[in-house]
Amino acid sequence: MSIRAQLLIGFSVLTLVFLIDFIVNKRLSANIEKNTTYLNNSEAVIRNSNMLHKNIIEMQSGFRGFLLTGQEVFLSPFYEGLQTVPLIIAQQQALQSTLPQRQRLDSIVTIHLKWVKYANSLISTKLDTLPEANAKYIELFETKLRMEVGKKLNDKIKEIFKTFDNYEYQLRQERKIALQKSVVTTNTITLTVTILSILLALLFGTYFINMITRRISNMVSLAEEISTGDFKEISDHKNDELNRLSFALNKMSMTLKKTFNELTKKNKELDQFAYVVSHDLKTPLRGINNIVLWMEEDLEVEISPEIKKNLNLIISRTARLENMINGLLEYAKVGKVQKGAETVDVLKLVREVIDLIVPKEFTVQIDGVMPFITTEKLHIEQVFSNLIANAVKYNQSEHPKIVIKSRDLKDYYEFTVKDNGIGIQKEYFEKIFVIFHTLQEKDAFESTGVGLAIVKKIIDDYKGTIKVESEVGKGSSFIFTWPKNMKPTKSE
Amino acid sequence: MKTILLIEDDYLDVESVKRALKKAQVPHVLHVSHNGADALNSLTTNENKIVPDIILLDINLPKMSGLEFLEIVKSYFSLQQIKIYIITTSSEEYDKMSAQHFDIAGYIVKPLDFNRKSNPDVEKLLKDLTE
């Protein structure tokens, strides 16, 4: 699956989880709201019930006071009750929700209306001042009051109120508990879901970061290995964008490896070729040389000076050819001999080379601090001997002088071999490093044109550089760099 | 007068040896074989058998190399008295070591020149020829 799809799925899952979280929270808070409303409702019902009961009791007290005293002033609570009680009842009916409570309220209403009717009949009779009214009141008094009709009604209503209130208290308690419970549940669920989503997000994030960084760092180390010439492959079995990248890297590594191997093989073949060719060329050459020598021996007396001169020319030319072949052999051998790197004291090495090849009449000056380098000693020695030998060979100055300098350039050392010799024309600055290329007539300086080619080959192997600065008649400077810590590229 | 068997395929090298012997004025009988197989044949056949005192042997020979020839000759008891000198162009240490492995009389790098006294093996050869 591609990383894009994985990321998309991951983020979708996370979004979904958060959405579910949101919906669950919404549901739970709706539950709390509902429970709160129930609780409030219960409390309102209790309040109304108390008020209703109080009003009814006040009506009853007023009624009783009037009956005892006959004074109308006691009736005012009764009349007020007639106004307010129906309003409170209507309010209560609007609030009421459970069936048994509604039935109880209905019973209260019925009994109350019955009582009002009973009370009204007594009140109107008592208020009547006609003489027959008195007899009627007495009758009512005897049949109703003495029979405790009103008291029974009052007791019944009181009983129902008690049940009603108890029931409502109970309900309120239950609702209170339900509310508390729903709050606790909501908290728990919300916390759990939130923690779960955070964990999921962390897990998802960690997985991605790990997967991507691990593979990228693998590729980075592969690239680093490739840059040091170690052509490896990394294994990556996932099927995504990064896999395509690592596949491309692997392919690049393998192509480089193949090319590099082929190149190494070709170089080896070329060196082998040069070696074999130069070796085999020497046999017929020596043959020619022998024949000429024998001719001279055999014809010593009869030979004319002209022929003798020509025979000698043949000998000198075959000698030059042999020198060239030896040079070619030496060139092919460059880098073949490797004893292993050692710490080379360049100052000591340069002094040894000077003692060996620089004649006494030369002034030699060494400038700068000559370093210690860990490298193949023979190679740097070959470079210095060839350059110093040239500085000696191509010098016709009356006061011949050679200056050797060194500079520290971070990863490299830079060395200069300077002379006050015959110098080189600018157009030959590149050509002098080509094998068998010589600038002077062959006979003036016996040169095969191999020395600088060998120098260049060695320095190339070490990934260093060499250049020449020169002015004809004034002298030349050969400036080359040598890495502080590196093996030659050719290890064959 | 010593009998010499020269085993050499190159005409010029044969000529060179002949001249060197002539220059040194050593009386001798010289037989020449152009390869190891012929030489071996001449040494072991019943007819026209060559019985040399000294063999001058090149290493780079067609068909059978000088070293192979050496190995076979040294396995014949009857031929073990012959002094064998290697005469070769190869100054490679490896070739010299391989040849010395077979109890040879000397190792001489071409060209053979009896005036070149610096090589003890050349002197030894001259002594063997004149004794």
# chains A, B, ... in the order shown; residues from 1 in each chain; ligands from 1
$ residues_around --residues "Ile234 of chain A" --least-positions-apart "5" --cutoff "10 Å" --atoms "only C-alpha atoms" --output "list in words"
Arg215, Asn218, Met219, Ser221, Leu222, Ser246, Phe247, Leu249, Asn250 and Ser253 of chain A
$ residues_around --residues "Ile20 of chain A" --least-positions-apart "2" --cutoff "12 Å" --atoms "only C-alpha atoms" --output "list of chain:residue names"
A:Val13, A:Leu14, A:Thr15, A:Leu16, A:Val17, A:Phe18, A:Phe22, A:Ile23, A:Val24, A:Asn25, A:Lys26, A:Arg27, A:Ile189, A:Thr190, A:Val193, A:Thr194, A:Leu196, A:Ser197
$ write_last_selection --atoms "N, CA and C atoms" --output "PDB file, in the first residue's frame"
ATOM      1  N   VAL A  13      -9.132   7.415   9.960  1.00  0.00           N
ATOM      2  CA  VAL A  13      -9.482   6.647  11.165  1.00  0.00           C
ATOM      3  C   VAL A  13      -9.468   7.573  12.380  1.00  0.00           C
ATOM      4  N   LEU A  14      -8.429   8.380  12.472  1.00  0.00           N
ATOM      5  CA  LEU A  14      -8.320   9.301  13.602  1.00  0.00           C
ATOM      6  C   LEU A  14      -9.490  10.283  13.626  1.00  0.00           C
ATOM      7  N   THR A  15      -9.819  10.823  12.458  1.00  0.00           N
ATOM      8  CA  THR A  15     -10.929  11.770  12.372  1.00  0.00           C
ATOM      9  C   THR A  15     -12.222  11.098  12.814  1.00  0.00           C
ATOM     10  N   LEU A  16     -12.407   9.854  12.358  1.00  0.00           N
ATOM     11  CA  LEU A  16     -13.607   9.090  12.707  1.00  0.00           C
ATOM     12  C   LEU A  16     -13.674   8.889  14.212  1.00  0.00           C
ATOM     13  N   VAL A  17     -12.543   8.537  14.810  1.00  0.00           N
ATOM     14  CA  VAL A  17     -12.502   8.307  16.253  1.00  0.00           C
ATOM     15  C   VAL A  17     -12.895   9.588  16.984  1.00  0.00           C
ATOM     16  N   PHE A  18     -12.353  10.712  16.531  1.00  0.00           N
ATOM     17  CA  PHE A  18     -12.681  11.969  17.197  1.00  0.00           C
ATOM     18  C   PHE A  18     -14.153  12.336  16.999  1.00  0.00           C
ATOM     19  N   PHE A  22     -16.951  12.834  19.830  1.00  0.00           N
ATOM     20  CA  PHE A  22     -17.825  14.008  19.891  1.00  0.00           C
ATOM     21  C   PHE A  22     -19.297  13.594  20.062  1.00  0.00           C
ATOM     22  N   ILE A  23     -19.721  12.589  19.254  1.00  0.00           N
ATOM     23  CA  ILE A  23     -21.117  12.148  19.299  1.00  0.00           C
ATOM     24  C   ILE A  23     -21.440  11.547  20.674  1.00  0.00           C
ATOM     25  N   VAL A  24     -20.529  10.706  21.178  1.00  0.00           N
ATOM     26  CA  VAL A  24     -20.740  10.087  22.487  1.00  0.00           C
ATOM     27  C   VAL A  24     -20.890  11.168  23.559  1.00  0.00           C
ATOM     28  N   ASN A  25     -20.021  12.164  23.513  1.00  0.00           N
ATOM     29  CA  ASN A  25     -20.095  13.260  24.467  1.00  0.00           C
ATOM     30  C   ASN A  25     -21.431  13.986  24.407  1.00  0.00           C
ATOM     31  N   LYS A  26     -21.869  14.208  23.185  1.00  0.00           N
ATOM     32  CA  LYS A  26     -23.119  14.920  22.954  1.00  0.00           C
ATOM     33  C   LYS A  26     -24.288  14.140  23.580  1.00  0.00           C
ATOM     34  N   ARG A  27     -24.274  12.821  23.296  1.00  0.00           N
ATOM     35  CA  ARG A  27     -25.329  11.940  23.831  1.00  0.00           C
ATOM     36  C   ARG A  27     -25.340  11.979  25.355  1.00  0.00           C
ATOM     37  N   ILE A 189     -16.511   7.812  30.464  1.00  0.00           N
ATOM     38  CA  ILE A 189     -16.495   7.484  29.024  1.00  0.00           C
ATOM     39  C   ILE A 189     -15.690   8.519  28.247  1.00  0.00           C
ATOM     40  N   THR A 190     -15.914   9.778  28.552  1.00  0.00           N
ATOM     41  CA  THR A 190     -15.196  10.835  27.827  1.00  0.00           C
ATOM     42  C   THR A 190     -13.691  10.684  28.016  1.00  0.00           C
ATOM     43  N   VAL A 193     -12.429   7.491  26.114  1.00  0.00           N
ATOM     44  CA  VAL A 193     -12.391   7.666  24.653  1.00  0.00           C
ATOM     45  C   VAL A 193     -11.293   8.647  24.266  1.00  0.00           C
ATOM     46  N   THR A 194     -11.142   9.727  25.046  1.00  0.00           N
ATOM     47  CA  THR A 194     -10.108  10.714  24.717  1.00  0.00           C
ATOM     48  C   THR A 194      -8.727  10.091  24.815  1.00  0.00           C
ATOM     49  N   LEU A 196      -7.970   6.954  24.608  1.00  0.00           N
ATOM     50  CA  LEU A 196      -7.832   5.980  23.516  1.00  0.00           C
ATOM     51  C   LEU A 196      -7.488   6.677  22.211  1.00  0.00           C
ATOM     52  N   SER A 197      -8.151   7.777  21.919  1.00  0.00           N
ATOM     53  CA  SER A 197      -7.874   8.451  20.644  1.00  0.00           C
ATOM     54  C   SER A 197      -6.468   9.020  20.632  1.00  0.00           C
TER      55      SER A 197
END
$ closest_residue --among "A:Leu285, A:Val183, A:Ile291, A:Ile57" --to "chain B" --atoms "only C-alpha atoms"
A:Ile291
$ closest_atom_pairs --of "chain B" --to "chain A" --cutoff "12 Å" --atoms "only C-alpha atoms" --output "tab-separated table"
residue	atom	partner	partner_atom	distance
B:Asp10	CA	A:Gly287	CA	9.5
B:Tyr11	CA	A:Gly287	CA	9.5
B:Leu12	CA	A:Gly287	CA	6.2
B:Asp13	CA	A:Gly287	CA	7.9
B:Val14	CA	A:Gly287	CA	11.1
B:Glu15	CA	A:Ile291	CA	9.5
B:Ser16	CA	A:Asn290	CA	7.6
B:Val17	CA	A:Asn290	CA	11.3
B:Lys18	CA	A:Trp294	CA	11.7
B:Arg19	CA	A:Trp294	CA	8.7
B:Ala20	CA	A:Trp294	CA	10.9
B:Lys23	CA	A:Glu297	CA	10.8
B:Asn60	CA	A:Asp280	CA	11.6
B:Thr88	CA	A:Thr283	CA	10.9
B:Thr89	CA	A:Thr283	CA	8.0
B:Ser90	CA	A:His279	CA	9.6
B:Ser91	CA	A:His279	CA	11.4
B:Glu92	CA	A:His279	CA	11.6
B:Lys110	CA	A:Arg286	CA	9.8
B:Pro111	CA	A:Arg286	CA	9.0
B:Leu112	CA	A:Asn290	CA	11.5
B:Asp113	CA	A:Asn290	CA	11.9
$ residues_around --residues "segment 73-81 of chain A" --least-positions-apart "6" --cutoff "8 Å" --atoms "only C-alpha atoms" --output "list in words"
Asn55, Ile56, Glu58, Met59, Gln60, Gly62, Phe63, Gly65 and Phe66 of chain A
$ write_last_selection --atoms "N, CA, C and O atoms" --output "mmCIF file, in the first residue's frame"
data_model
loop_
_atom_site.group_PDB
_atom_site.id
_atom_site.type_symbol
_atom_site.label_atom_id
_atom_site.label_comp_id
_atom_site.auth_asym_id
_atom_site.auth_seq_id
_atom_site.Cartn_x
_atom_site.Cartn_y
_atom_site.Cartn_z
ATOM 1 N N ASN A 55 -52.506 25.998 50.989
ATOM 2 C CA ASN A 55 -53.693 26.768 50.615
ATOM 3 C C ASN A 55 -54.984 26.056 51.052
ATOM 4 O O ASN A 55 -55.908 26.677 51.578
ATOM 5 N N ILE A 56 -55.004 24.761 50.806
ATOM 6 C CA ILE A 56 -56.184 23.970 51.175
ATOM 7 C C ILE A 56 -56.389 24.019 52.680
ATOM 8 O O ILE A 56 -57.506 24.257 53.166
ATOM 9 N N GLU A 58 -55.318 26.309 54.736
ATOM 10 C CA GLU A 58 -55.747 27.669 55.118
ATOM 11 C C GLU A 58 -57.250 27.862 54.875
ATOM 12 O O GLU A 58 -57.972 28.495 55.655
ATOM 13 N N MET A 59 -57.713 27.310 53.712
ATOM 14 C CA MET A 59 -59.157 27.394 53.401
ATOM 15 C C MET A 59 -59.961 26.708 54.516
ATOM 16 O O MET A 59 -60.963 27.229 55.015
ATOM 17 N N GLN A 60 -59.412 25.508 54.920
ATOM 18 C CA GLN A 60 -60.117 24.733 55.945
ATOM 19 C C GLN A 60 -60.145 25.503 57.275
ATOM 20 O O GLN A 60 -61.178 25.590 57.962
ATOM 21 N N GLY A 62 -59.889 28.792 57.763
ATOM 22 C CA GLY A 62 -60.798 29.948 57.635
ATOM 23 C C GLY A 62 -62.254 29.520 57.798
ATOM 24 O O GLY A 62 -63.045 30.153 58.519
ATOM 25 N N PHE A 63 -62.531 28.383 57.105
ATOM 26 C CA PHE A 63 -63.895 27.843 57.139
ATOM 27 C C PHE A 63 -64.289 27.505 58.581
ATOM 28 O O PHE A 63 -65.361 27.886 59.073
ATOM 29 N N GLY A 65 -62.960 28.654 61.408
ATOM 30 C CA GLY A 65 -63.054 29.888 62.196
ATOM 31 C C GLY A 65 -64.396 30.578 62.015
ATOM 32 O O GLY A 65 -65.039 31.028 62.982
ATOM 33 N N PHE A 66 -64.859 30.620 60.759
ATOM 34 C CA PHE A 66 -66.135 31.244 60.455
ATOM 35 C C PHE A 66 -67.275 30.501 61.136
ATOM 36 O O PHE A 66 -68.190 31.123 61.740
#
$ select_by_dssp --residues "chain B" --states "alpha helix (DSSP H)" --output "ChimeraX atom specification"
/B:11-24,36-44,66-73,93-100,120-130
$ residues_around --residues "segment 465-476 of chain A" --least-positions-apart "2" --cutoff "8 Å" --atoms "only C-alpha atoms" --output "JSON, numbers by chain"
{"A": [418, 419, 420, 421, 422, 423, 424, 425, 426, 429, 456, 459, 460, 463, 478, 479, 480, 481, 482]}
$ residues_around --residues "Gly36 of chain B" --least-positions-apart "3" --cutoff "10 Å" --atoms "only C-alpha atoms" --output "number ranges by chain"
B: 7-9, 33, 39-42, 57-59, 61-70
$ residues_around --residues "Phe161 of chain A" --least-positions-apart "5" --cutoff "9 Å" --atoms "only C-alpha atoms" --output "JSON, numbers by chain"
{"A": [49, 50, 53, 104, 105, 108, 156, 166]}
$ write_last_selection --atoms "N, CA, C and O atoms" --output "CSV table (one decimal), in the first residue's frame"
chain,number,residue,atom,x,y,z
A,49,SER,N,-46.9,21.2,45.4
A,49,SER,CA,-47.7,20.3,46.3
A,49,SER,C,-47.8,20.9,47.7
A,49,SER,O,-48.9,21.0,48.2
A,50,ASN,N,-46.6,21.4,48.2
A,50,ASN,CA,-46.6,22.1,49.5
A,50,ASN,C,-47.6,23.3,49.5
A,50,ASN,O,-48.3,23.5,50.4
A,53,HIS,N,-51.2,22.2,49.3
A,53,HIS,CA,-51.6,21.7,50.6
A,53,HIS,C,-51.8,22.9,51.6
A,53,HIS,O,-52.8,22.9,52.3
A,104,ARG,N,-53.2,10.5,41.8
A,104,ARG,CA,-53.3,11.0,43.1
A,104,ARG,C,-53.8,12.5,43.1
A,104,ARG,O,-54.7,12.9,43.8
A,105,LEU,N,-53.2,13.2,42.1
A,105,LEU,CA,-53.6,14.6,42.0
A,105,LEU,C,-55.1,14.8,41.7
A,105,LEU,O,-55.8,15.6,42.3
A,108,ILE,N,-57.0,14.2,44.7
A,108,ILE,CA,-57.0,15.4,45.6
A,108,ILE,C,-58.0,16.4,45.0
A,108,ILE,O,-58.8,17.0,45.8
A,156,LYS,N,-58.7,12.5,54.5
A,156,LYS,CA,-58.4,11.8,53.2
A,156,LYS,C,-57.4,12.6,52.4
A,156,LYS,O,-56.4,12.1,51.8
A,166,ASN,N,-44.5,11.9,49.6
A,166,ASN,CA,-43.5,10.8,49.8
A,166,ASN,C,-43.0,10.2,48.4
A,166,ASN,O,-41.8,10.1,48.2
$ residues_around --residues "Arg407 of chain A" --least-positions-apart "3" --cutoff "10 Å" --atoms "only C-alpha atoms" --output "VMD selection string"
chain A and resid 367 to 371 410 412 to 416 481
$ write_last_selection --atoms "C-alpha atoms" --output "mmCIF file, in the first residue's frame"
data_model
loop_
_atom_site.group_PDB
_atom_site.id
_atom_site.type_symbol
_atom_site.label_atom_id
_atom_site.label_comp_id
_atom_site.auth_asym_id
_atom_site.auth_seq_id
_atom_site.Cartn_x
_atom_site.Cartn_y
_atom_site.Cartn_z
ATOM 1 C CA ASP A 367 60.438 26.000 2.529
ATOM 2 C CA GLY A 368 57.543 25.448 4.890
ATOM 3 C CA VAL A 369 57.055 22.629 7.329
ATOM 4 C CA MET A 370 57.248 19.283 5.541
ATOM 5 C CA PRO A 371 54.496 17.067 6.989
ATOM 6 C CA LYS A 410 42.622 20.997 4.968
ATOM 7 C CA TYR A 412 45.395 17.764 1.243
ATOM 8 C CA TYR A 413 48.997 18.815 1.369
ATOM 9 C CA GLU A 414 50.255 20.875 -1.515
ATOM 10 C CA PHE A 415 53.865 20.458 -2.604
ATOM 11 C CA THR A 416 55.813 22.566 -5.071
ATOM 12 C CA THR A 481 48.481 17.787 -4.019
#
$ atom_distance --atom1 "atom CA of Gln180 of chain A" --atom2 "atom CA of Thr36 of chain A"
9.5 Å
$ atom_distance --atom1 "atom CA of His28 of chain B" --atom2 "atom CA of Val122 of chain B"
16.4 Å
$ atom_distance --atom1 "atom CA of Lys96 of chain B" --atom2 "atom CA of Val109 of chain B"
9.8 Å
$ decode --residues "segment 6-49 of chain B" --atoms "C-alpha atoms" --output "short mmCIF file (atom, residue, chain, number, x, y, z; two decimals), in the first residue's frame"
data_model
loop_
_atom_site.label_atom_id
_atom_site.label_comp_id
_atom_site.auth_asym_id
_atom_site.auth_seq_id
_atom_site.Cartn_x
_atom_site.Cartn_y
_atom_site.Cartn_z
CA LEU B 6 71.72 -26.48 -26.64
CA ILE B 7 67.94 -26.46 -26.37
CA GLU B 8 66.77 -23.18 -27.90
CA ASP B 9 64.05 -22.32 -30.41
CA ASP B 10 65.23 -18.85 -31.43
CA TYR B 11 67.77 -18.87 -34.28
CA LEU B 12 69.34 -15.63 -33.03
CA ASP B 13 69.87 -17.04 -29.58
CA VAL B 14 71.45 -20.18 -31.04
CA GLU B 15 73.76 -17.95 -33.08
CA SER B 16 74.51 -15.88 -30.01
CA VAL B 17 75.60 -18.95 -28.03
CA LYS B 18 77.69 -20.23 -30.94
CA ARG B 19 79.48 -16.88 -31.16
CA ALA B 20 80.06 -16.70 -27.45
CA LEU B 21 81.64 -20.19 -27.49
CA LYS B 22 83.73 -19.32 -30.52
CA LYS B 23 84.90 -16.07 -28.91
CA ALA B 24 85.91 -17.91 -25.77
CA GLN B 25 87.86 -20.32 -27.94
CA VAL B 26 86.64 -23.38 -26.11
CA PRO B 27 86.91 -26.63 -28.11
CA HIS B 28 83.52 -28.36 -28.03
CA VAL B 29 80.89 -30.41 -29.88
CA LEU B 30 77.56 -28.61 -30.12
CA HIS B 31 74.19 -30.24 -30.72
CA VAL B 32 71.07 -28.08 -31.04
CA SER B 33 67.45 -29.06 -30.36
CA HIS B 34 64.67 -26.61 -31.07
CA ASN B 35 62.29 -27.86 -28.45
CA GLY B 36 62.16 -29.95 -25.30
CA ALA B 37 60.43 -32.94 -26.89
CA ASP B 38 63.15 -33.32 -29.58
CA ALA B 39 65.87 -32.94 -27.01
CA LEU B 40 64.33 -35.57 -24.78
CA ASN B 41 64.07 -37.88 -27.76
CA SER B 42 67.76 -37.42 -28.63
CA LEU B 43 68.75 -38.15 -25.05
CA THR B 44 66.73 -41.31 -24.65
CA THR B 45 66.69 -42.93 -28.12
CA ASN B 46 68.95 -45.83 -29.05
CA GLU B 47 69.88 -44.59 -32.52
CA ASN B 48 71.94 -41.40 -32.90
CA LYS B 49 71.87 -40.96 -29.20
#
